[in-house]
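Peer 1: Quick one: the structure is below, questions incoming.
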Amino acid sequence: MASTAAVVHEPALEHAHADDRPFIRKYIFSTDHKIIGIQFLLMSLFFLLIGGMLAMVIRWQLGFPGRAMPGGGVLPETMAPGGIVLPEFYNSLVTMHGTFMVFFAIMPLLVGVFGNYLIPLKIGAPDMAFPRINMASFWIAVPAGLIMLAGFFVEGGHAAAGWTGYAPLSANPELTGVSLGQQLWCVSLIILGLSSIMGSFNYITTIINMRAPGMIWFRLPLSIWALFITAILVLLAMPILSGALIMLLFDQTLGTHFFLPAQGGQPLLWQHLFWFFGHPEVYILILPAMGMVSDIIANGSRKPIFGYTSMVLAIIAIGALGWGVWGHHMFMSGMNPTLGTGFMISTLLISVPSAIKTFNWMGTMWGGNIRFHVPMLHAVAFVSMFVIGGLSGVFMATTPVDIYIHDTYFIVAHLHYVLFGGSLFAIFAAVTFWYPKMFGRLMNPLWGKVHFWLTFIFFNAVFFPMHGLGAQGHMRRIYDPTEYEFLAPLQGVNRMITISAFLLFTAQIIFLVNFIAGWFKGAKAGPNPWQDNGLEWATPSPPPHGNFPVTPHVYRGPYEFSSPLAVDDDYLPQSRKLETDREPAVLPAGD
Amino acid sequence: MSWLLPPHASSYAADIDWLYYLILIITGIAFLVVQIGLVWFIIKYRARPNGKALYTHGFAKAEWIWTSVTAVVVVVIGLLSAGVWDRIKGRDSIPPGAIPIGIHGKQFEWHISYPGADGQLGTGDDLSIRNQLHLPLNKPVVATLTSEDAIHSFFIPAFRIKQDAVPGMTIRVWFQPTDTGTFELACAELCGLGHYRMRAVVTVHAEAEYQRWLDERGRAAAASPTALLQR
Ligand code: HEM
Ligand SMILES: [Cu+2]
Ligand SMILES: [Cu+2]
């Protein structure tokens with residue numbers, strides 16, 4: 001294999017010299033994977049901001065229930081009359097916060113941005129296998145996002161059945177008073193699913209067929225392994241969600257009763273379908289993060305990754321076992337309790353590959369010569385925070401304990417430790433790491449560090465106490481905790497969390513400004529500012545259309561830091577030929 | 001804010017709390033190992049001028065050790081939990097002679113029915129009360145959960161019991177109060193705009209007092225059958 005890339009090497013050279021595409025083909029309807037990656041980056045950062053703003057309103061209501069929100073007067077009467085959030089609007093807020101964050105921020109940031117940007121560059125290919133489908137995948141995601149936004153402005157308000165859309169609440173408009181909003185929610189996610197599917201089979205084909213000569217499977221960076229397995233998960237999981245959403249939409253609009261019990265439907269069917277998609281989905285949201293963090297930790301530690309093979313096997317194991325644990329979301333649902341025991345065991349076992357990865361990251365740092373550049377800070381924080389989320393998972397996986405903590409703030413703490421502490425810290429690491437490649441300039445490192453520390457401190461101030469709230473029995477998704485006597489003593493904590501959340505949000509402005517300012521004013525990066533080994537660093541920043549003036553040949557794995565063979569430096573790029581290296585076979589070699 | 005659980009008041013709550021604390025200790029140790037390890041490595045192995053990193057791709061032995069230790073620990077947690085789960089939620093776990101109570105969730109209230117003199121639910125002499133669950137002390141109770149509309153979740157934190165009430169399904173769950181006094185029953189599953197106030201009060205009486213309460217309420221209901229539900 002690995003022949004395709006060599007064949008296209010002529011046109012790539014040509015493009016690198018003269019890129020005379022018109023502006024609109026170059027930057028708007030571009031088929032260049034790098035531009036598409038950056039388009040996804042801008043789109044998902046926008047939705048990250050929207051999701052964050054919704055969270056601020058949620059937190060205001062929880063910290064100061066029933067009090068007028070400062071500036072809330074601008075919201076219409078149907079949402080927050082006089083700035084006081086209504087319960088029905090609150091339910092839309094929690095629903096849309098989860099929906100935007102999972103589907104329009106974290107997932108496109110990991111898969112859309114870095115899948116697109118990194119795969120061809122890191123395997124030495126000039127572009128994706130199907131560049132036009134790739135372009136379509138972005139331009140399909142945009143209307144999905146607009147439709148999702150539109151839901152806020154329709155009669156009856158936006159979807160209000162949770163990001164998990166449990167039926168019959170989501171299926172029967174009489175139960176929420178929301179009809180059009182819930183339908184737009186379905187339609188938007190169905191369209192977004194199409195976009196994800198187009199992206200994922202592109203990634204799979206590209207990785208299998210377009211690796212540069214010498215880039216055998218076990219020389220792939222872990223980020224690419226993770227994105228490869230993730231793409232397979234996306235390809236298999238998204239159609240299940242789409243199918244379930246179509247059934248839900250039919251229940252709402254055509255009078256079917258898949259999920260409506262009064263006419264013989266099954267509410268639990270929705271939960272099975274949703275979580276059969278949903279659990280693989282949470283691995284879609286963490287595997288690319290794990291892969292990119294592995295690359296960055298090896299770079300920061302100036303050491304080969306510890307246990308490369310077991311890291312790859314752990315990624316594969318997580319991807320495979322992830323299909324057999326969905327029932328852990330349904331322990332209290334009325335599902336057969338014996339099934340609950342089975343799902344408990346499978347869920348506990350899946351924490352083993354997560355533990356392997358954690359110890360291997362630590363093993364990589366051990367004995368290193370660690371450089372704390374901003375990406376490394378975020379990457380180490382990822383390990384530290386992901387561990388907390390993984391460990392809280394053990395509590396919830398244990399069925400008897402889950403009786404008590406299911407649907408409490410303990411779950412909210414868990415999912416934010418894995419998704420914010422995990423995925424989002426990894427995204428900050430990856431954005432700051434590959435920013436110089438994308439834009440040819442560096443983000444300001446001092447402000448990067450300030451942003452990191454503020455985020456790290458306030459993130460923990462917001463989410464760590466939520467474990468305690470859950471341990472006291474504080475339910476999630478409740479509009480006003482002061483309704484309950486047993487929650488009254490916790491109101492001080494809720495208020496403290498709210499204030500920390502405002503500070504956490506404010507700290508993100510630093511990132512935003514740094515991101516934009518770097519584009520225009522950042523120091524010139526040069527091709528390889530982090531002294532890394534990956535193929536993407538062996539081409540200019542930003543790389544030309546077609547990526548590599550000459551198709552690179554690969555002589556070794558991506559983590560040869562501090563190798564005794566590297567005489568002058570402490571790194572050894574994958575494409576640097578030493579005298580002892582043999583040329584890789586260019587024609588099908590069957591690696 | 002505390003990781004300690006609040007006081008409990010049911011027969012199997014102690015088993016759940018015990019497992020929780022066991023996991024808290026195990027995960028607490030893992031937490032400390034990782035976090036202290038990270039801080040230690042960060043300090044010890046920070047870059048120095050002319051510093052050199054150790055060139056190694058890992059040690060299979062170390063990997064075998066941490067893989068198998070983790071696997072054994074989680075399997076032990078699983079085995080310990082399976083028995084407790086089965087005793088609380090297993091299909092055959094409901095103690096014989098448990099007092100039947102009907103719990104019907106409806107946006108946004110709990111309709112609670114008590115058996116009449118025959119001790120059976122659904123025989124026409126049931127007593128139905130809104131948002132008030134009265135229970136005798138130290139007697140197993142089996143709740144039959146149903147729902148009118150959306151999915152609700154029956155949650156009494158002090159009893160460490162939670163079970164969804166799903167429209168179209170009839171789900172039975174048991175518990176046994178071990179303390180007198182009042183507690184709160186919450187809805188734990190998002191069920192619509194009034195979800196946050198779908199609350200009921202649980203009162204546990206000494207047995208004789210419970211009987212007296214039931215008789216009194218029964219007489220009042222017989223006099224005016226709809227009064228109690230309306231209240
Ligand atoms: C060590 C591994 C993990 C274990 C053992 C675990 C276990 C669980 C369990 C048992 C639940 C259901 C709790 C309940 O509702 O009562 C849950 C919920 C959840 N987990 Fe994990 N988890 C793990 C890792 C992850 C990762 C890596 C992610 C995502 C990046 C994730 C995201 C979530 C989310 C989003 C929910 C909440 C879903 C909802 O809204 O109800 N988990 N986890
Ligand atoms: Cu899951
Ligand atoms: Cu509810």
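By convention in this document, the chains of the structure tokens carry letters A, B, ... by their order, each chain's residues are numbered from 1, and ligands are numbered from 1 in the order they are shown.
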Within 10 Å of segment 512-518 of chain A, counting only C-alpha atoms, which residues qualify if same-chain residues fewer than 2 places away don't, as JSON, numbers by chain?
Peer 2: {"A": [45, 49, 431, 432, 435, 436, 439, 440, 441, 442, 443, 444, 445, 446, 447, 448, 451, 507, 508, 509, 510, 520, 521, 522, 523, 524]}
Peer 1: I'd like to know which residues of segment 34-222 of chain B are alpha helix (DSSP H) (by DSSP, run on the backbone); could you write them as an MDAnalysis selection string?
Peer 2: chainID B and resid 34:44 60:89 207:222
Peer 1: Can you list, as a VMD selection string, every protein, DNA or RNA residue that comes within 10 Å of Pro280 of chain A when you count only C-alpha atoms, leaving out same-chain residues fewer than 6 positions away?
Peer 2: chain A and resid 230 233 to 234 236 to 238 286 318 to 326
Peer 1: Skipping near chain neighbours, those fewer than 4 positions away, what residues fall within 6 Å of segment 537-539 of chain A using only C-alpha atoms, listed as a PyMOL selection string?
Peer 2: chain A and resi 527-528+543
Peer 1: Would you give me, as an MDAnalysis selection string, the residues of chain A that come within 7 Å of chain B, using only C-alpha atoms?
Peer 2: chainID A and resid 87:88 91 168:169 175:176 261:262 302:307 332:334 337 341 344:345 348:349 352 356 362 365:371 384 388 391 395 398:401 403:404 407 465 468 471:473 475 477:480 483 562:563
Peer 1: Apply DSSP to the structure's backbone, then extract all residues of segment 9-212 of chain B labelled strand (DSSP E or B) and return them as number ranges by chain.
Peer 2: B: 10, 46, 99-106, 109-114, 127-130, 132-136, 141-147, 152-156, 161-165, 171-175, 177, 181-187, 199-205
Peer 1: Just checking: using only C-alpha atoms, which residue out of A:Trp270, A:Tyr409, A:Phe452, A:Tyr283 ends up closest to Ser423 of chain A?
Peer 2: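 Of A:Trp270, A:Tyr409, A:Phe452, A:Tyr283, the one nearest Ser423 of chain A, counting only C-alpha atoms, is A:Tyr283.
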Peer 1: Could you list, as an MDAnalysis selection string, all the residues within 8 Å of ligand 2, counting only C-alpha atoms and all ligand atoms?
Peer 2: chainID A and resid 275 278:280 282 325:329
Peer 1: Give me a file of those residues, with C-alpha atoms, as an mmCIF file, in the first residue's frame.
Peer 2:
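So the final result, stored in again08.cif, reads:
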data_model
loop_
_atom_site.group_PDB
_atom_site.id
_atom_site.type_symbol
_atom_site.label_atom_id
_atom_site.label_comp_id
_atom_site.auth_asym_id
_atom_site.auth_seq_id
_atom_site.Cartn_x
_atom_site.Cartn_y
_atom_site.Cartn_z
ATOM 1 C CA TRP A 275 -27.615 5.330 24.378
ATOM 2 C CA GLY A 278 -24.775 7.834 23.001
ATOM 3 C CA HIS A 279 -22.127 5.808 24.699
ATOM 4 C CA PRO A 280 -19.990 5.375 21.558
ATOM 5 C CA VAL A 282 -18.910 9.905 24.434
ATOM 6 C CA VAL A 325 -22.016 -0.600 27.919
ATOM 7 C CA TRP A 326 -24.915 1.648 26.911
ATOM 8 C CA GLY A 327 -27.214 0.178 29.557
ATOM 9 C CA HIS A 328 -25.279 1.945 32.349
ATOM 10 C CA HIS A 329 -27.354 5.010 31.545
#
